[in-house]
Amino acid sequence: MLKALLKVKALLKVCLEWRLGRRKLPADLAEWRRPGYDPDGKLDERIWRQLRTFFKSRGYTYWILAYECMQVPPVDELMCNGFGYASLQRGWDNTNGLSSYELLKQFMYPNPLCRAARERGGRDVVIRVLAIGSQGRKHVEILELLSRDHYSVIDRNHAIPVFEFLTYGDITFGIFPKVGFTMFGAYGVGFWAKNSVGDIVDMMMQCIEALSFIHYVGVAHMDAFRDNFLVQFFPESLSIDRIAVTRPRVYLTDFETAVYFPPDVPAEERVCVDLPAGDSFGTMKPEEYGRPKPPELLSDAPYDPFKLDVWQLATSFGELKTTISSIDEVLEAMRSPEASSRPTSRDALYRLVEVVASLPPQSLLIPPEITMAPLSPEVAAMLRSLPHATAVPE
């Protein structure tokens, strides 16, 4: 009897501690994404500090806030996690700030919903708040669909895998691999990566393949700009003046705005009517949507979310010219203002693969042309929508 009473008392103590701890955390996803004006990250730290013991008990140690939105490892060394690699030609020294090995030891988090951590075995991961109560359940279901069972091992599935889901009361977290770099850094004036047209097109084809697969499953991403694609490393063929032997894998991340149509939904009913948004966006007015908009988002008519993905991806490469007309023509078709004129992701992929297969590999060992000024309104809007201040030429 005494043992039973002690167990009940211990359980009540745990419940009380959890309730007190839960009250210190945001009530919903929107509050977690925007805890208030926080230029130095202190509000973000205060939120995650409440969960430090919880994640430590599950084998995860937080990365350390270095400044603003930059986190660094708790120990200044790396262990391969299979999702991020460094370029040997860049070396280990970071005196010029361009060592990809050192860049792997940085995590610029896009918003407070994410936190880098190191698991007990030494591999680095990213913790993401996915759901609170009834909010975000669609996000969790789509990740479960793509990261579990047979879909998870299909080679054409580029959706970032979920290592595990953890729950803390009514909060669901996803544990993801920390992938090397974002595709936003694949090229550009002043960017460090020296990727050739061949390098970029290979990664671009993987981005389209990622869309083609999720579209086959019935998922439309609806935020398929290139900053939501991650890559293990950059081949940088231009830095070695030869075609890189090893090619990186590209991953598609952030499915918060995604929608899923089960197999029994007819093609003509696979449409959307609202602007792309997730529960962490809160109540959003149309003018507050920060991403570029194709014509179909400017009206109240139903639109094809799969063709939206195609437009978003191609538009986010809008300042890039490969100088190979047959490749650039495919990208232009994907950016067509008329959704009905755009190829599907599958057709765009086949067309691009066919074009690349017809070209000598050496012909792609050239630098791309980058148009930085003036930028198209769509590309400028995409740059401004990134999580960190980015200078955008007018």
# chains A, B, ... in the order shown; residues from 1 in each chain; ligands from 1
>>> residues_around(residues="Glu164 (chain A)", least_positions_apart="2", cutoff="7 Å", atoms="only C-alpha atoms", output="list of chain:residue names")
A:Val162, A:Leu166, A:Gly174, A:Ile175
>>> select_by_dssp(residues="region 103-338 of chain A", states="strand (DSSP E or B)", output="ChimeraX atom specification")
/A:107-108,114-119,124-132,135,159,164-168,171-177,181-182,219-220,229-231,250-252,259-260,272,303,320-321
>>> write_last_selection(atoms="C-alpha atoms", output="mmCIF file, in the first residue's frame")
data_model
loop_
_atom_site.group_PDB
_atom_site.id
_atom_site.type_symbol
_atom_site.label_atom_id
_atom_site.label_comp_id
_atom_site.auth_asym_id
_atom_site.auth_seq_id
_atom_site.Cartn_x
_atom_site.Cartn_y
_atom_site.Cartn_z
ATOM 1 C CA PHE A 107 23.568 26.359 -38.276
ATOM 2 C CA MET A 108 21.710 29.472 -39.317
ATOM 3 C CA CYS A 114 14.206 24.824 -35.304
ATOM 4 C CA ARG A 115 17.124 23.927 -33.054
ATOM 5 C CA ALA A 116 20.380 22.153 -33.919
ATOM 6 C CA ALA A 117 21.530 19.418 -31.554
ATOM 7 C CA ARG A 118 24.061 16.601 -31.253
ATOM 8 C CA GLU A 119 22.875 13.120 -30.494
ATOM 9 C CA ASP A 124 24.293 16.273 -35.633
ATOM 10 C CA VAL A 125 20.551 16.718 -36.111
ATOM 11 C CA VAL A 126 17.937 19.457 -36.301
ATOM 12 C CA ILE A 127 14.952 19.452 -33.949
ATOM 13 C CA ARG A 128 11.804 20.993 -35.404
ATOM 14 C CA VAL A 129 8.523 21.802 -33.674
ATOM 15 C CA LEU A 130 5.886 20.208 -35.891
ATOM 16 C CA ALA A 131 2.596 20.309 -34.016
ATOM 17 C CA ILE A 132 0.965 21.716 -30.903
ATOM 18 C CA GLN A 135 -2.175 22.522 -35.065
ATOM 19 C CA ALA A 159 12.074 14.223 -48.863
ATOM 20 C CA GLU A 164 12.087 9.994 -34.942
ATOM 21 C CA PHE A 165 9.099 11.861 -33.584
ATOM 22 C CA LEU A 166 9.122 12.934 -29.923
ATOM 23 C CA THR A 167 6.195 14.195 -27.890
ATOM 24 C CA TYR A 168 6.190 16.506 -24.912
ATOM 25 C CA ILE A 171 3.802 19.121 -28.592
ATOM 26 C CA THR A 172 5.232 16.958 -31.378
ATOM 27 C CA PHE A 173 8.855 17.359 -32.453
ATOM 28 C CA GLY A 174 10.605 15.876 -35.475
ATOM 29 C CA ILE A 175 14.282 14.897 -35.377
ATOM 30 C CA PHE A 176 15.891 15.439 -38.783
ATOM 31 C CA PRO A 177 19.451 15.009 -40.058
ATOM 32 C CA PHE A 181 24.086 23.263 -47.127
ATOM 33 C CA THR A 182 21.072 24.972 -48.652
ATOM 34 C CA VAL A 219 1.672 15.627 -52.105
ATOM 35 C CA ALA A 220 2.149 19.203 -53.316
ATOM 36 C CA PHE A 229 16.188 22.235 -50.895
ATOM 37 C CA LEU A 230 19.269 21.043 -49.024
ATOM 38 C CA VAL A 231 22.395 19.408 -50.429
ATOM 39 C CA VAL A 250 19.597 16.844 -52.676
ATOM 40 C CA TYR A 251 16.837 16.802 -50.046
ATOM 41 C CA LEU A 252 13.496 18.596 -49.943
ATOM 42 C CA VAL A 259 -1.151 19.401 -48.978
ATOM 43 C CA TYR A 260 -1.951 15.723 -49.531
ATOM 44 C CA CYS A 272 -6.439 24.643 -53.765
ATOM 45 C CA TYR A 303 -5.586 26.415 -58.843
ATOM 46 C CA LEU A 320 20.486 31.884 -63.422
ATOM 47 C CA LYS A 321 21.366 31.421 -67.088
#
>>> closest_atom_pairs(of="region 163-204 of chain A", to="region 327-348 of chain A", cutoff="12 Å", atoms="only C-alpha atoms", output="tab-separated table")
residue	atom	partner	partner_atom	distance
A:Val197	CA	A:Ile327	CA	10.2
A:Gly198	CA	A:Ile327	CA	10.8
A:Ile200	CA	A:Ile327	CA	11.5
A:Val201	CA	A:Ile327	CA	8.6
A:Asp202	CA	A:Ile327	CA	11.6
A:Met204	CA	A:Leu331	CA	10.1
>>> residues_around(residues="Val179 (chain A)", least_positions_apart="4", cutoff="6 Å", atoms="only C-alpha atoms", output="ChimeraX atom specification")
/A:83-84,232
>>> write_last_selection(atoms="all heavy atoms", output="PDB file, in the first residue's frame")
ATOM      1  N   PHE A  83      24.964  13.070 -44.097  1.00  0.00           N
ATOM      2  CA  PHE A  83      24.150  14.073 -44.779  1.00  0.00           C
ATOM      3  C   PHE A  83      24.896  15.381 -45.040  1.00  0.00           C
ATOM      4  O   PHE A  83      24.338  16.288 -45.636  1.00  0.00           O
ATOM      5  CB  PHE A  83      22.884  14.360 -43.972  1.00  0.00           C
ATOM      6  CG  PHE A  83      21.931  13.199 -43.909  1.00  0.00           C
ATOM      7  CD1 PHE A  83      22.079  12.218 -42.949  1.00  0.00           C
ATOM      8  CD2 PHE A  83      20.903  13.078 -44.829  1.00  0.00           C
ATOM      9  CE1 PHE A  83      21.207  11.133 -42.890  1.00  0.00           C
ATOM     10  CE2 PHE A  83      20.035  11.998 -44.783  1.00  0.00           C
ATOM     11  CZ  PHE A  83      20.192  11.023 -43.815  1.00  0.00           C
ATOM     12  N   GLY A  84      26.139  15.482 -44.600  1.00  0.00           N
ATOM     13  CA  GLY A  84      26.919  16.685 -44.833  1.00  0.00           C
ATOM     14  C   GLY A  84      28.387  16.357 -44.978  1.00  0.00           C
ATOM     15  O   GLY A  84      28.950  15.601 -44.168  1.00  0.00           O
ATOM     16  N   GLN A 232      24.032  17.772 -49.708  1.00  0.00           N
ATOM     17  CA  GLN A 232      25.095  17.239 -48.845  1.00  0.00           C
ATOM     18  C   GLN A 232      26.371  18.077 -48.923  1.00  0.00           C
ATOM     19  O   GLN A 232      27.022  18.326 -47.911  1.00  0.00           O
ATOM     20  CB  GLN A 232      25.419  15.803 -49.246  1.00  0.00           C
ATOM     21  CG  GLN A 232      24.337  14.787 -48.922  1.00  0.00           C
ATOM     22  CD  GLN A 232      24.681  13.420 -49.472  1.00  0.00           C
ATOM     23  OE1 GLN A 232      25.025  13.287 -50.651  1.00  0.00           O
ATOM     24  NE2 GLN A 232      24.610  12.413 -48.631  1.00  0.00           N
TER      25      GLN A 232
END
>>> closest_residue(among="A:Tyr62, A:Tyr350, A:Tyr151, A:Tyr109", to="Val75 (chain A)", atoms="only C-alpha atoms")
A:Tyr62
>>> closest_atom_pairs(of="region 253-366 of chain A", to="region 143-147 of chain A", cutoff="10 Å", atoms="only C-alpha atoms", output="tab-separated table")
residue	atom	partner	partner_atom	distance
A:Thr253	CA	A:Leu143	CA	9.8
A:Asp254	CA	A:Leu143	CA	9.5
A:Phe255	CA	A:Leu143	CA	7.4
A:Glu256	CA	A:Leu143	CA	9.4
A:Ala258	CA	A:Leu143	CA	9.9
A:Tyr260	CA	A:Leu145	CA	9.6
>>> write_last_selection(atoms="N, CA, C and O atoms", output="PDB file, in the first residue's frame")
ATOM      1  N   THR A 253      12.946  19.867 -47.957  1.00  0.00           N
ATOM      2  CA  THR A 253      12.593  20.028 -46.551  1.00  0.00           C
ATOM      3  C   THR A 253      11.407  20.973 -46.382  1.00  0.00           C
ATOM      4  O   THR A 253      10.924  21.567 -47.345  1.00  0.00           O
ATOM      5  N   ASP A 254      10.926  21.092 -45.148  1.00  0.00           N
ATOM      6  CA  ASP A 254       9.876  22.024 -44.736  1.00  0.00           C
ATOM      7  C   ASP A 254       8.555  21.789 -45.467  1.00  0.00           C
ATOM      8  O   ASP A 254       8.203  22.500 -46.414  1.00  0.00           O
ATOM      9  N   PHE A 255       7.808  20.802 -44.983  1.00  0.00           N
ATOM     10  CA  PHE A 255       6.520  20.447 -45.582  1.00  0.00           C
ATOM     11  C   PHE A 255       5.337  21.075 -44.840  1.00  0.00           C
ATOM     12  O   PHE A 255       4.220  20.581 -44.948  1.00  0.00           O
ATOM     13  N   GLU A 256       5.576  22.164 -44.125  1.00  0.00           N
ATOM     14  CA  GLU A 256       4.488  22.745 -43.339  1.00  0.00           C
ATOM     15  C   GLU A 256       3.330  23.231 -44.208  1.00  0.00           C
ATOM     16  O   GLU A 256       2.165  23.116 -43.828  1.00  0.00           O
ATOM     17  N   ALA A 258       2.545  22.045 -47.131  1.00  0.00           N
ATOM     18  CA  ALA A 258       2.176  21.011 -48.103  1.00  0.00           C
ATOM     19  C   ALA A 258       0.736  20.533 -47.922  1.00  0.00           C
ATOM     20  O   ALA A 258       0.152  20.647 -46.836  1.00  0.00           O
ATOM     21  N   TYR A 260      -1.946  17.118 -49.078  1.00  0.00           N
ATOM     22  CA  TYR A 260      -1.951  15.723 -49.531  1.00  0.00           C
ATOM     23  C   TYR A 260      -3.330  15.362 -50.061  1.00  0.00           C
ATOM     24  O   TYR A 260      -4.349  15.645 -49.414  1.00  0.00           O
TER      25      TYR A 260
END
>>> closest_residue(among="A:Lys293, A:Arg34, A:Arg351, A:His158", to="Asn228 (chain A)", atoms="only C-alpha atoms")
A:His158
>>> residues_around(residues="Glu209 (chain A)", least_positions_apart="3", cutoff="7 Å", atoms="only C-alpha atoms", output="PyMOL selection string")
chain A and resi 156+205-206+212-213+349
>>> residues_around(residues="Pro73 (chain A)", least_positions_apart="4", cutoff="7 Å", atoms="only C-alpha atoms", output="list of chain:residue names")
A:Trp63, A:Ile64, A:Lys105
